[in-house]
Amino acid sequence: MPYIDVVIAGPEILLRDYQPRRGVLKQVCDELAAQKALGEWTQTEADGPINKKGQSLEEYFGAMRQDPARAHFWLQGEEIDRADQAWIGVDGKPPTLADQGERVKEIGETAAAHEAASYGTRLGNLKPGSRPGSAPKEGDDKASAGGGATSNPWHPRFSGDQEQRQAKMQSIIRTSTRLAVDLAKAAGVSLSGAPLRK
């Protein structure tokens, strides 16, 4: 079997099988690129690309589709507006408990909690979050301002050892590639740890 690049084949399979919203393709490409860089995908002669869990790209996307932590990947049109209303607010006004309650009724409490986390907020918090994948607000990296240790594993002042750093990086990448990219960017590096070009 010829070599199949997961970063190229992934979006093609995603479009063919799921027809996701446009922003998902970039997120999936980023996630697959990060996983490929960490050596989580290998090429087999018989089966093509296989990840560390033994999943093909099709199986990987099937599992991703069922993961409540990735619910925002599959939102369409009006649903994005309802999610924004619950976690960001509308017309410059902060979100309300009523809007968040409606969102919980729509998608369930677990999915709503994961969705809120993807917006950088939590259930019951009336402080506006930010849309997944948007640039962090100025002042969000409080640890770097104070000079103390940080929980960002891409930051040079990460509070753990090298093994903890790698474990946390992999965990974040598996949970949300967009979050991983944003954390690395906030630390001034790429996902691989290389300094960003200015």
# chains A, B, ... in the order shown; residues from 1 in each chain; ligands from 1
>>> select_by_dssp(residues="range 3-195 of chain A", states="strand (DSSP E or B)", output="count of residues only")
14
>>> select_by_dssp(residues="range 161-195 of chain A", states="alpha helix (DSSP H)", output="list in words")
Gln162, Glu163, Gln164, Arg165, Gln166, Ala167, Lys168, Met169, Gln170, Ser171, Ile172, Ile173, Arg174, Thr175, Thr177, Arg178, Leu179, Ala180, Val181, Asp182, Leu183, Ala184, Lys185 and Ala186 of chain A
>>> write_last_selection(atoms="N, CA and C atoms", output="mmCIF file, in the first residue's frame")
data_model
loop_
_atom_site.group_PDB
_atom_site.id
_atom_site.type_symbol
_atom_site.label_atom_id
_atom_site.label_comp_id
_atom_site.auth_asym_id
_atom_site.auth_seq_id
_atom_site.Cartn_x
_atom_site.Cartn_y
_atom_site.Cartn_z
ATOM 1 N N GLN A 162 10.087 16.977 33.119
ATOM 2 C CA GLN A 162 9.970 16.731 31.677
ATOM 3 C C GLN A 162 8.935 15.638 31.367
ATOM 4 N N GLU A 163 8.887 14.601 32.181
ATOM 5 C CA GLU A 163 7.918 13.516 31.970
ATOM 6 C C GLU A 163 6.485 14.032 32.146
ATOM 7 N N GLN A 164 6.259 14.851 33.174
ATOM 8 C CA GLN A 164 4.936 15.441 33.401
ATOM 9 C C GLN A 164 4.575 16.394 32.261
ATOM 10 N N ARG A 165 5.568 17.137 31.776
ATOM 11 C CA ARG A 165 5.344 18.064 30.658
ATOM 12 C C ARG A 165 4.839 17.289 29.437
ATOM 13 N N GLN A 166 5.538 16.205 29.067
ATOM 14 C CA GLN A 166 5.163 15.422 27.896
ATOM 15 C C GLN A 166 3.781 14.799 28.065
ATOM 16 N N ALA A 167 3.501 14.268 29.255
ATOM 17 C CA ALA A 167 2.204 13.649 29.519
ATOM 18 C C ALA A 167 1.078 14.678 29.402
ATOM 19 N N LYS A 168 1.323 15.875 29.946
ATOM 20 C CA LYS A 168 0.291 16.915 29.889
ATOM 21 C C LYS A 168 0.097 17.401 28.457
ATOM 22 N N MET A 169 1.182 17.546 27.694
ATOM 23 C CA MET A 169 1.067 17.952 26.287
ATOM 24 C C MET A 169 0.200 16.960 25.521
ATOM 25 N N GLN A 170 0.499 15.673 25.675
ATOM 26 C CA GLN A 170 -0.269 14.654 24.965
ATOM 27 C C GLN A 170 -1.726 14.655 25.387
ATOM 28 N N SER A 171 -1.975 14.819 26.674
ATOM 29 C CA SER A 171 -3.351 14.856 27.176
ATOM 30 C C SER A 171 -4.121 16.037 26.583
ATOM 31 N N ILE A 172 -3.499 17.200 26.547
ATOM 32 C CA ILE A 172 -4.158 18.394 26.003
ATOM 33 C C ILE A 172 -4.400 18.221 24.511
ATOM 34 N N ILE A 173 -3.434 17.699 23.785
ATOM 35 C CA ILE A 173 -3.587 17.503 22.338
ATOM 36 C C ILE A 173 -4.736 16.544 22.060
ATOM 37 N N ARG A 174 -4.845 15.478 22.850
ATOM 38 C CA ARG A 174 -5.941 14.513 22.651
ATOM 39 C C ARG A 174 -7.299 15.147 22.959
ATOM 40 N N THR A 175 -7.336 16.029 23.944
ATOM 41 C CA THR A 175 -8.593 16.662 24.336
ATOM 42 C C THR A 175 -9.021 17.735 23.350
ATOM 43 N N THR A 177 -7.050 20.004 20.189
ATOM 44 C CA THR A 177 -5.880 20.492 19.465
ATOM 45 C C THR A 177 -5.882 22.010 19.427
ATOM 46 N N ARG A 178 -7.040 22.597 19.301
ATOM 47 C CA ARG A 178 -7.122 24.058 19.267
ATOM 48 C C ARG A 178 -6.569 24.629 20.565
ATOM 49 N N LEU A 179 -6.941 24.043 21.695
ATOM 50 C CA LEU A 179 -6.418 24.496 22.984
ATOM 51 C C LEU A 179 -4.904 24.317 23.018
ATOM 52 N N ALA A 180 -4.423 23.176 22.529
ATOM 53 C CA ALA A 180 -2.980 22.917 22.514
ATOM 54 C C ALA A 180 -2.246 23.970 21.684
ATOM 55 N N VAL A 181 -2.783 24.263 20.504
ATOM 56 C CA VAL A 181 -2.163 25.276 19.635
ATOM 57 C C VAL A 181 -2.165 26.632 20.330
ATOM 58 N N ASP A 182 -3.291 26.984 20.964
ATOM 59 C CA ASP A 182 -3.386 28.274 21.656
ATOM 60 C C ASP A 182 -2.405 28.359 22.831
ATOM 61 N N LEU A 183 -2.268 27.268 23.597
ATOM 62 C CA LEU A 183 -1.323 27.264 24.723
ATOM 63 C C LEU A 183 0.115 27.390 24.238
ATOM 64 N N ALA A 184 0.440 26.657 23.180
ATOM 65 C CA ALA A 184 1.794 26.751 22.626
ATOM 66 C C ALA A 184 2.059 28.164 22.121
ATOM 67 N N LYS A 185 1.085 28.720 21.420
ATOM 68 C CA LYS A 185 1.222 30.084 20.883
ATOM 69 C C LYS A 185 1.412 31.093 22.016
ATOM 70 N N ALA A 186 0.649 30.921 23.102
ATOM 71 C CA ALA A 186 0.775 31.832 24.248
ATOM 72 C C ALA A 186 2.169 31.753 24.866
#
>>> closest_residue(among="A:Leu32, A:Leu126, A:Leu196, A:Leu38", to="Gly101 in chain A", atoms="only C-alpha atoms")
A:Leu126
>>> closest_residue(among="A:Arg197, A:Gln66, A:Ile107, A:Ser190", to="Asp30 in chain A", atoms="only C-alpha atoms")
A:Ser190
>>> residues_around(residues="range 4-20 of chain A", least_positions_apart="5", cutoff="7 Å", atoms="only C-alpha atoms", output="list in words")
Leu25, Cys29, Leu32, Ala33, Gly48, Pro49, Leu57 and Trp74 of chain A
>>> closest_residue(among="A:Gln35, A:Ser176, A:Ser130, A:Thr150", to="Ile88 in chain A", atoms="only C-alpha atoms")
A:Ser130
>>> residues_around(residues="Gln85 in chain A", least_positions_apart="3", cutoff="9 Å", atoms="only C-alpha atoms", output="VMD selection string")
chain A and resid 80 to 82 88 to 90 94 to 96 99 to 100
>>> residues_around(residues="Ala194 in chain A", least_positions_apart="6", cutoff="12 Å", atoms="only C-alpha atoms", output="number ranges by chain")
A: 154-156, 184-185, 187-188
>>> atom_distance(atom1="CA of Asp84 in chain A", atom2="CA of Ala113 in chain A")
13.7 Å
>>> atom_distance(atom1="CA of Arg103 in chain A", atom2="CA of Asp67 in chain A")
17.7 Å
>>> atom_distance(atom1="CA of Trp87 in chain A", atom2="CA of Pro153 in chain A")
26.1 Å
